[in-house]
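Visitor: One structure coming up, written as structure tokens, with questions to follow.
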There are 2 protein chains.
Amino acid sequence: MTKRPDKPITLADVARRAGTSTAVVSYVINNGPRPVAAATRERVLAAAAELHYRPNRIARALRSRTTGVAGLVLADASNPYFGALARHIEQALEKRDRLTLVGNAGYSADRQRDLVARFLAAQVDGLVIVSAEEGGDVAAQAEAAGVSAVYVHHGPPDGHAPVVAADNQTAVHEAVAHLRRHGHRRIAFLAGPHDAGPVGLRRQAWTAALTGDPDAVLLRCDYSRAAADALTRHLIAEGTMPRALITATDEHATGVLSGAWACGLPVPDRLALISLDGTPESAHTAPALTVTQQPLRAMAEQAVELLFGDISRALTAHAPLVIRRSCGCEA
Amino acid sequence: MTKRPDKPITLADVARRAGTSTAVVSYVINNGPRPVAAATRERVLAAAAELHYRPNRIARALRSRTTGVAGLVLADASNPYFGALARHIEQALEKRDRLTLVGNAGYSADRQRDLVARFLAAQVDGLVIVSAEEGGDVAAQAEAAGVSAVYVHHGPPDGHAPVVAADNQTAVHEAVAHLRRHGHRRIAFLAGPHDAGPVGLRRQAWTAALTGDPDAVLLRCDYSRAAADALTRHLIAEGTMPRALITATDEHATGVLSGAWACGLPVPDRLALISLDGTPESAHTAPALTVTQQPLRAMAEQAVELLFGDISRALTAHAPLVIRRSCGCEA
DNA sequence: CTGTTAGCGCATTCAC
DNA sequence: GTGAATGCGCTAACAG
């Protein structure tokens, strides 16, 4: 006995079975826009159930010009910061009964633009863009097509679309202040390869906070554990490793921890460390990282609220200092 | 001057502008299925460019009964193992010119089933299921609707859909053998809360490999860094921490590292550790983890090959031992 | 080689 | 309260 791949049931099938028209079936399936007599309603529901009717969202989308799908463009889902954000965004979208079309743009503006074009062709109802520093104003692309877009984590300098981001300024100041309370006066900063996006802001805030120390060391490396690991080993070998360090991202911090361990440099005893993302993983490194913790879930929820809800302006989120072990506290 | 939200350009618009029929426009846009005279072709292309024509994939999908979208159901994108897998799957799908609809099912069978139903309603062309241990045979659900599905990492025991997974058996044996080479005879194992899925297989392989030591310690905790961290602290406080340990997942290993650090237990000197996932992050922990490394990219590619390509049977992938520091080697 | 036309499955307007 | 009919944008079968 071969199982015949049940050919899809349509509205018309249900209508025929229930002895009504397709219009009536549509009304009961969607609870409107017009009322249906209770008796007919029952018949329709019964017929639909018996036939295992499943509305075809594609057909519905073509007709109603709304797909119930949102696009999520990500720099890199395998980076835990973006990964956690992605999960929360997907969840928030689901709460609003939207499906999520996802794409990784890497760190290329071209790929980002291309991805957005494809999402637009797929008629997404809205776009959430979680990009790293690079990439033009793709939200403008979307708006030209009549679909709204929101940036999370980072938006282009001259963009018109709302940006949901953490308060980098305050976060950095709190980190610096805390390290000072530990008695540190030379506080280094590990940034990305160049100043741009949120990390650029963080770097600037650090510079501003350190007017007292014009010789403060600025370190730079790629956004990867491997790069931070290698840099750390290099600095330790050279004898120029700072005693207090703020890393721009948790990936950086993790790499630093790994490099320091490999060289036998104890953290926090010989290196006090604070990181600025505050991903969930930062709580379970060795040692646990003191971080400024971004409210990722709240940010995700605000983003989809901005897209499909009532609010229209983004609030920058406070990233409170979470004290653990890497700064030198006994937490 | 208000920017009028350019109302979408349709095939008909282009046809009118080019002075041809919609059919011809369709043929040049899709390069087929019928040839078009070079001259007409040029006119059409010009018209399309001037109007900034963008094909509407929804309409195309309704007509051609193929959406160019695949569904990816994930247990939890914020788990690095699944996150990395997701990224590779998305990439492989893109290579085949498919968009990715993603959803997190958590660890609930109900949510998984629901997600699959929604994807099916969205008329996905195929389904990749990266589930944890729980969840019925959702691939059967898909097949009943005529769409093919593939499991990655784990498939139900009695399932009919192909399963792309690593060779857990061999991986565990290699890990045990390596720890023995280090002189360890009591080799503990940290598994999930109960035996199921791939971790269940790993646990069994460990038991099989340790017939020489009937007293080998089996540890269990939830799949989270936090749980492994807490368990480790508890065991150390109790004085029952093993000297050699294989963890079922990298999340477990990371938690163990964190807990051990917090209690001042040196790894690898007082605890030799090998983990079994081999996520990219395992290379930059403190200390770096010795792992059996699953070929995530290859697995992802095989999965989409299975869905949309020629091959029809899944090969289980070898997860080679990657020696780093946590086992006690000087790597 | 090109034009005309009939639906894909559904929501909705118009008649009743 | 209900049914018939129209069309969303596109592809493909059918004419020329």
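As shown in the structure tokens, the chain order sets the letters A, B, ...; within each chain, residues go from 1, and ligands are also counted from 1 in the order they appear.
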Got a sec to pull out which chain B residues are within 9 Å of chain C, counting only C-alpha atoms (C1' of nucleotides), and send them as a list in words?
Guide: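 Close enough to count are Thr20, Ser21, Thr22, Ala23, Val24, Pro35, Val36, Ala37, Ala59, Ala61, Leu62, Arg63, Ser64 and Arg65 of chain B.
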Visitor: Once you have the residues from the selection above, write them out as a PDB file, in the first residue's frame, restricted to N, CA and C atoms.
Guide:
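part.pdb was written with the following content:
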```pdb
ATOM      1  N   THR B  20       5.191  44.516 -25.242  1.00  0.00           N
ATOM      2  CA  THR B  20       5.063  43.076 -25.502  1.00  0.00           C
ATOM      3  C   THR B  20       4.000  42.514 -24.584  1.00  0.00           C
ATOM      4  N   SER B  21       3.923  41.218 -24.519  1.00  0.00           N
ATOM      5  CA  SER B  21       2.969  40.594 -23.615  1.00  0.00           C
ATOM      6  C   SER B  21       3.675  40.180 -22.328  1.00  0.00           C
ATOM      7  N   THR B  22       2.893  39.915 -21.318  1.00  0.00           N
ATOM      8  CA  THR B  22       3.476  39.517 -20.040  1.00  0.00           C
ATOM      9  C   THR B  22       4.256  38.209 -20.182  1.00  0.00           C
ATOM     10  N   ALA B  23       3.796  37.365 -21.054  1.00  0.00           N
ATOM     11  CA  ALA B  23       4.465  36.076 -21.230  1.00  0.00           C
ATOM     12  C   ALA B  23       5.915  36.283 -21.637  1.00  0.00           C
ATOM     13  N   VAL B  24       6.124  37.126 -22.609  1.00  0.00           N
ATOM     14  CA  VAL B  24       7.486  37.365 -23.093  1.00  0.00           C
ATOM     15  C   VAL B  24       8.358  37.903 -21.963  1.00  0.00           C
ATOM     16  N   PRO B  35      12.627  30.515 -25.861  1.00  0.00           N
ATOM     17  CA  PRO B  35      13.572  31.533 -26.311  1.00  0.00           C
ATOM     18  C   PRO B  35      12.854  32.812 -26.717  1.00  0.00           C
ATOM     19  N   VAL B  36      13.583  33.909 -26.670  1.00  0.00           N
ATOM     20  CA  VAL B  36      13.037  35.212 -27.035  1.00  0.00           C
ATOM     21  C   VAL B  36      14.024  35.890 -27.984  1.00  0.00           C
ATOM     22  N   ALA B  37      13.522  36.538 -29.009  1.00  0.00           N
ATOM     23  CA  ALA B  37      14.395  37.234 -29.970  1.00  0.00           C
ATOM     24  C   ALA B  37      15.243  38.276 -29.252  1.00  0.00           C
ATOM     25  N   ALA B  59       3.720  35.667  -5.746  1.00  0.00           N
ATOM     26  CA  ALA B  59       2.906  35.331  -6.916  1.00  0.00           C
ATOM     27  C   ALA B  59       3.529  34.154  -7.659  1.00  0.00           C
ATOM     28  N   ALA B  61       5.355  31.894  -6.422  1.00  0.00           N
ATOM     29  CA  ALA B  61       5.193  30.683  -5.621  1.00  0.00           C
ATOM     30  C   ALA B  61       3.796  30.099  -5.798  1.00  0.00           C
ATOM     31  N   LEU B  62       2.814  30.967  -5.796  1.00  0.00           N
ATOM     32  CA  LEU B  62       1.442  30.487  -5.913  1.00  0.00           C
ATOM     33  C   LEU B  62       1.264  29.744  -7.236  1.00  0.00           C
ATOM     34  N   ARG B  63       1.854  30.302  -8.257  1.00  0.00           N
ATOM     35  CA  ARG B  63       1.699  29.721  -9.579  1.00  0.00           C
ATOM     36  C   ARG B  63       2.542  28.445  -9.752  1.00  0.00           C
ATOM     37  N   SER B  64       3.791  28.533  -9.356  1.00  0.00           N
ATOM     38  CA  SER B  64       4.711  27.437  -9.679  1.00  0.00           C
ATOM     39  C   SER B  64       4.778  26.376  -8.587  1.00  0.00           C
ATOM     40  N   ARG B  65       4.078  26.626  -7.512  1.00  0.00           N
ATOM     41  CA  ARG B  65       4.020  25.676  -6.412  1.00  0.00           C
ATOM     42  C   ARG B  65       5.402  25.336  -5.848  1.00  0.00           C
TER      43      ARG B  65
END
```
Visitor: Determine, for each residue of chain A having at least one atom at most 7 Å from an atom of chain B, the closest pair of atoms and their separation in Å to one decimal, counting only C-alpha atoms; order by chain and ascending number, as JSON lines.
Guide:
```
{"residue": "A:Pro5", "atom": "CA", "partner": "B:Gly146", "partner_atom": "CA", "distance": 5.5}
{"residue": "A:Asp6", "atom": "CA", "partner": "B:Ala145", "partner_atom": "CA", "distance": 6.6}
{"residue": "A:Arg54", "atom": "CA", "partner": "B:Ala121", "partner_atom": "CA", "distance": 6.6}
{"residue": "A:Pro55", "atom": "CA", "partner": "B:Ala121", "partner_atom": "CA", "distance": 6.6}
{"residue": "A:Asn56", "atom": "CA", "partner": "B:Ala121", "partner_atom": "CA", "distance": 5.6}
{"residue": "A:Arg57", "atom": "CA", "partner": "B:Ala122", "partner_atom": "CA", "distance": 5.2}
{"residue": "A:Ile58", "atom": "CA", "partner": "B:Leu62", "partner_atom": "CA", "distance": 6.1}
{"residue": "A:Ala59", "atom": "CA", "partner": "B:Leu62", "partner_atom": "CA", "distance": 6.0}
{"residue": "A:Leu62", "atom": "CA", "partner": "B:Ala59", "partner_atom": "CA", "distance": 6.1}
{"residue": "A:Ala77", "atom": "CA", "partner": "B:Arg87", "partner_atom": "CA", "distance": 5.8}
{"residue": "A:Ser78", "atom": "CA", "partner": "B:Ala84", "partner_atom": "CA", "distance": 4.8}
{"residue": "A:Pro80", "atom": "CA", "partner": "B:Ser78", "partner_atom": "CA", "distance": 6.6}
{"residue": "A:Gly83", "atom": "CA", "partner": "B:Ser78", "partner_atom": "CA", "distance": 5.1}
{"residue": "A:Ala84", "atom": "CA", "partner": "B:Ser78", "partner_atom": "CA", "distance": 4.8}
{"residue": "A:Arg87", "atom": "CA", "partner": "B:Ala77", "partner_atom": "CA", "distance": 5.9}
{"residue": "A:Glu90", "atom": "CA", "partner": "B:Gly103", "partner_atom": "CA", "distance": 6.9}
{"residue": "A:Thr100", "atom": "CA", "partner": "B:Leu101", "partner_atom": "CA", "distance": 5.6}
{"residue": "A:Leu101", "atom": "CA", "partner": "B:Leu101", "partner_atom": "CA", "distance": 4.4}
{"residue": "A:Val102", "atom": "CA", "partner": "B:Thr100", "partner_atom": "CA", "distance": 5.7}
{"residue": "A:Gly103", "atom": "CA", "partner": "B:Glu90", "partner_atom": "CA", "distance": 6.9}
{"residue": "A:Ala121", "atom": "CA", "partner": "B:Asn56", "partner_atom": "CA", "distance": 5.6}
{"residue": "A:Ala122", "atom": "CA", "partner": "B:Arg57", "partner_atom": "CA", "distance": 5.2}
{"residue": "A:Ala144", "atom": "CA", "partner": "B:Pro5", "partner_atom": "CA", "distance": 6.2}
{"residue": "A:Ala145", "atom": "CA", "partner": "B:Asp6", "partner_atom": "CA", "distance": 6.6}
{"residue": "A:Gly146", "atom": "CA", "partner": "B:Pro5", "partner_atom": "CA", "distance": 5.5}
{"residue": "A:Arg225", "atom": "CA", "partner": "B:His284", "partner_atom": "CA", "distance": 6.4}
{"residue": "A:Ala226", "atom": "CA", "partner": "B:His284", "partner_atom": "CA", "distance": 6.9}
{"residue": "A:Thr254", "atom": "CA", "partner": "B:Thr285", "partner_atom": "CA", "distance": 6.9}
{"residue": "A:Gly255", "atom": "CA", "partner": "B:His284", "partner_atom": "CA", "distance": 5.9}
{"residue": "A:Leu257", "atom": "CA", "partner": "B:Ala286", "partner_atom": "CA", "distance": 6.3}
{"residue": "A:Ser258", "atom": "CA", "partner": "B:Ala286", "partner_atom": "CA", "distance": 4.6}
{"residue": "A:Trp261", "atom": "CA", "partner": "B:Ala286", "partner_atom": "CA", "distance": 5.6}
{"residue": "A:Ala262", "atom": "CA", "partner": "B:Pro287", "partner_atom": "CA", "distance": 6.8}
{"residue": "A:His284", "atom": "CA", "partner": "B:Ser258", "partner_atom": "CA", "distance": 5.3}
{"residue": "A:Thr285", "atom": "CA", "partner": "B:Ser258", "partner_atom": "CA", "distance": 5.1}
{"residue": "A:Ala286", "atom": "CA", "partner": "B:Ser258", "partner_atom": "CA", "distance": 4.6}
{"residue": "A:Pro287", "atom": "CA", "partner": "B:Trp261", "partner_atom": "CA", "distance": 6.3}
{"residue": "A:Ala288", "atom": "CA", "partner": "B:Ser258", "partner_atom": "CA", "distance": 6.9}
```
Visitor: Include N, CA and C atoms and write out the residues we just selected as a compact mmCIF listing (two decimals), in the first residue's frame.
Guide:
```txt
# COMPACT_ATOMS: atom_id res chain seq x y z
N PRO A 5 0.62 10.91 -1.56
CA PRO A 5 0.85 12.21 -0.95
C PRO A 5 -0.37 13.09 -1.09
N ASP A 6 -1.20 13.07 -0.05
CA ASP A 6 -2.46 13.82 -0.04
C ASP A 6 -2.31 15.15 -0.76
N ARG A 54 -5.79 23.06 5.66
CA ARG A 54 -4.76 23.99 6.13
C ARG A 54 -4.70 25.15 5.16
N PRO A 55 -5.00 26.34 5.63
CA PRO A 55 -4.96 27.49 4.73
C PRO A 55 -3.58 27.61 4.08
N ASN A 56 -3.56 27.99 2.84
CA ASN A 56 -2.32 28.21 2.13
C ASN A 56 -1.91 29.67 2.29
N ARG A 57 -0.85 29.86 3.07
CA ARG A 57 -0.44 31.23 3.38
C ARG A 57 0.04 31.99 2.16
N ILE A 58 0.52 31.27 1.18
CA ILE A 58 1.02 31.94 -0.02
C ILE A 58 -0.14 32.61 -0.76
N ALA A 59 -1.19 31.85 -0.92
CA ALA A 59 -2.35 32.40 -1.61
C ALA A 59 -2.93 33.57 -0.82
N LEU A 62 -0.79 36.60 -1.33
CA LEU A 62 -0.94 37.25 -2.63
C LEU A 62 -2.17 38.14 -2.62
N ALA A 77 25.36 34.59 12.81
CA ALA A 77 24.60 33.90 13.84
C ALA A 77 25.49 33.06 14.76
N SER A 78 26.70 32.78 14.34
CA SER A 78 27.52 31.92 15.19
C SER A 78 28.29 32.74 16.23
N PRO A 80 28.00 34.51 19.54
CA PRO A 80 26.99 34.36 20.60
C PRO A 80 26.17 35.62 20.87
N GLY A 83 23.77 35.64 18.12
CA GLY A 83 22.96 34.45 18.25
C GLY A 83 21.88 34.63 19.30
N ALA A 84 22.26 35.16 20.45
CA ALA A 84 21.29 35.37 21.53
C ALA A 84 20.25 36.39 21.10
N ARG A 87 17.75 34.85 18.69
CA ARG A 87 16.78 33.99 19.33
C ARG A 87 15.67 34.80 19.96
N GLU A 90 13.44 36.30 17.25
CA GLU A 90 12.55 35.29 16.68
C GLU A 90 11.38 35.04 17.62
N THR A 100 9.90 34.02 10.80
CA THR A 100 11.17 34.73 10.64
C THR A 100 12.01 34.17 9.51
N LEU A 101 12.31 35.02 8.56
CA LEU A 101 13.20 34.66 7.48
C LEU A 101 14.57 35.18 7.88
N VAL A 102 15.57 34.31 7.94
CA VAL A 102 16.85 34.76 8.47
C VAL A 102 17.95 34.67 7.44
N GLY A 103 18.94 35.55 7.55
CA GLY A 103 20.08 35.49 6.65
C GLY A 103 21.31 36.09 7.30
N ALA A 121 11.88 40.86 -2.05
CA ALA A 121 11.23 40.12 -3.12
C ALA A 121 10.28 39.08 -2.54
N ALA A 122 10.64 38.57 -1.36
CA ALA A 122 9.79 37.58 -0.71
C ALA A 122 8.62 38.25 0.00
N ALA A 144 11.88 52.28 0.61
CA ALA A 144 11.55 52.58 -0.78
C ALA A 144 10.55 51.56 -1.32
N ALA A 145 10.61 50.36 -0.75
CA ALA A 145 9.69 49.32 -1.19
C ALA A 145 8.43 49.31 -0.32
N GLY A 146 8.37 50.25 0.60
CA GLY A 146 7.18 50.36 1.41
C GLY A 146 7.14 49.43 2.61
N ARG A 225 37.59 35.47 18.80
CA ARG A 225 38.32 34.94 19.93
C ARG A 225 39.76 34.69 19.55
N ALA A 226 39.96 34.14 18.36
CA ALA A 226 41.31 33.77 17.93
C ALA A 226 42.23 34.98 17.90
N THR A 254 36.78 36.68 25.90
CA THR A 254 37.00 35.24 25.97
C THR A 254 38.37 34.89 25.40
N GLY A 255 38.71 35.52 24.29
CA GLY A 255 40.01 35.29 23.69
C GLY A 255 41.14 35.71 24.62
N LEU A 257 41.05 35.84 27.88
CA LEU A 257 41.11 34.86 28.96
C LEU A 257 41.88 33.63 28.52
N SER A 258 41.58 33.19 27.30
CA SER A 258 42.24 32.00 26.78
C SER A 258 43.74 32.22 26.61
N TRP A 261 45.48 32.49 30.04
CA TRP A 261 45.65 31.18 30.68
C TRP A 261 46.84 30.46 30.07
N ALA A 262 46.91 30.49 28.74
CA ALA A 262 47.97 29.77 28.04
C ALA A 262 49.36 30.28 28.44
N HIS A 284 29.87 32.17 32.67
CA HIS A 284 30.49 30.87 32.90
C HIS A 284 31.81 30.69 32.17
N THR A 285 32.60 31.71 32.19
CA THR A 285 33.97 31.59 31.70
C THR A 285 34.86 31.32 32.91
N ALA A 286 36.16 31.18 32.65
CA ALA A 286 37.11 30.93 33.74
C ALA A 286 38.18 32.00 33.72
N PRO A 287 38.10 32.98 34.60
CA PRO A 287 37.04 33.25 35.58
C PRO A 287 35.82 33.87 34.93
N ALA A 288 34.72 33.91 35.72
CA ALA A 288 33.50 34.55 35.23
C ALA A 288 33.77 36.02 34.97
```
Visitor: What's the 9 Å shell around Gly19 (chain A), counting only C-alpha atoms (C1' of nucleotides), without same-chain residues fewer than 4 positions away, as a list of chain:residue names?
Guide: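 Neighbouring residues, sequence-local ones excluded: A:Val14, A:Ala15, A:Arg43, A:Val44.
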Visitor: Take the residues that were just selected and, keeping N, CA and C atoms, output them as an mmCIF file, in the first residue's frame.
Guide:
```cif
data_model
loop_
_atom_site.group_PDB
_atom_site.id
_atom_site.type_symbol
_atom_site.label_atom_id
_atom_site.label_comp_id
_atom_site.auth_asym_id
_atom_site.auth_seq_id
_atom_site.Cartn_x
_atom_site.Cartn_y
_atom_site.Cartn_z
ATOM 1 N N VAL A 14 -13.430 22.406 0.934
ATOM 2 C CA VAL A 14 -14.203 22.516 2.169
ATOM 3 C C VAL A 14 -15.611 23.024 1.864
ATOM 4 N N ALA A 15 -15.687 24.010 1.001
ATOM 5 C CA ALA A 15 -16.980 24.596 0.657
ATOM 6 C C ALA A 15 -17.892 23.519 0.065
ATOM 7 N N ARG A 43 -21.092 23.442 10.326
ATOM 8 C CA ARG A 43 -20.892 22.557 9.185
ATOM 9 C C ARG A 43 -19.526 22.797 8.549
ATOM 10 N N VAL A 44 -19.210 24.061 8.393
ATOM 11 C CA VAL A 44 -17.927 24.408 7.780
ATOM 12 C C VAL A 44 -16.767 23.898 8.624
#
```
Visitor: Could you jot down the CA of Trp206 (chain B) to CA of Glu301 (chain B) separation for me, Å, one decimal place?
Guide: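 Taking CA of Trp206 (chain B) as the start and CA of Glu301 (chain B) as the end point, the length is 28.8 Å.
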Visitor: Compute the set of chain D residues within 7 Å of chain A, using only C-alpha atoms (C1' of nucleotides), and express it as a short mmCIF file (atom, residue, chain, number, x, y, z; two decimals) with C-alpha atoms (C1' of nucleotides), in the first residue's frame.
Guide:
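That gives us part_7.cif:
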```cif
data_model
loop_
_atom_site.label_atom_id
_atom_site.label_comp_id
_atom_site.auth_asym_id
_atom_site.auth_seq_id
_atom_site.Cartn_x
_atom_site.Cartn_y
_atom_site.Cartn_z
"C1'" DG D 1 -27.22 35.71 5.83
"C1'" DG D 3 -23.45 32.77 -3.36
"C1'" DC D 8 -3.76 39.67 -6.48
#
```
Visitor: As a ChimeraX atom specification, please: all residues of region 3-243 of chain A that backbone DSSP puts in helix (DSSP H, G or I).
Guide: /A:11-18,22-30,38-51,57-64,80-95,109-121,138-144,168-181,197-209,225-238
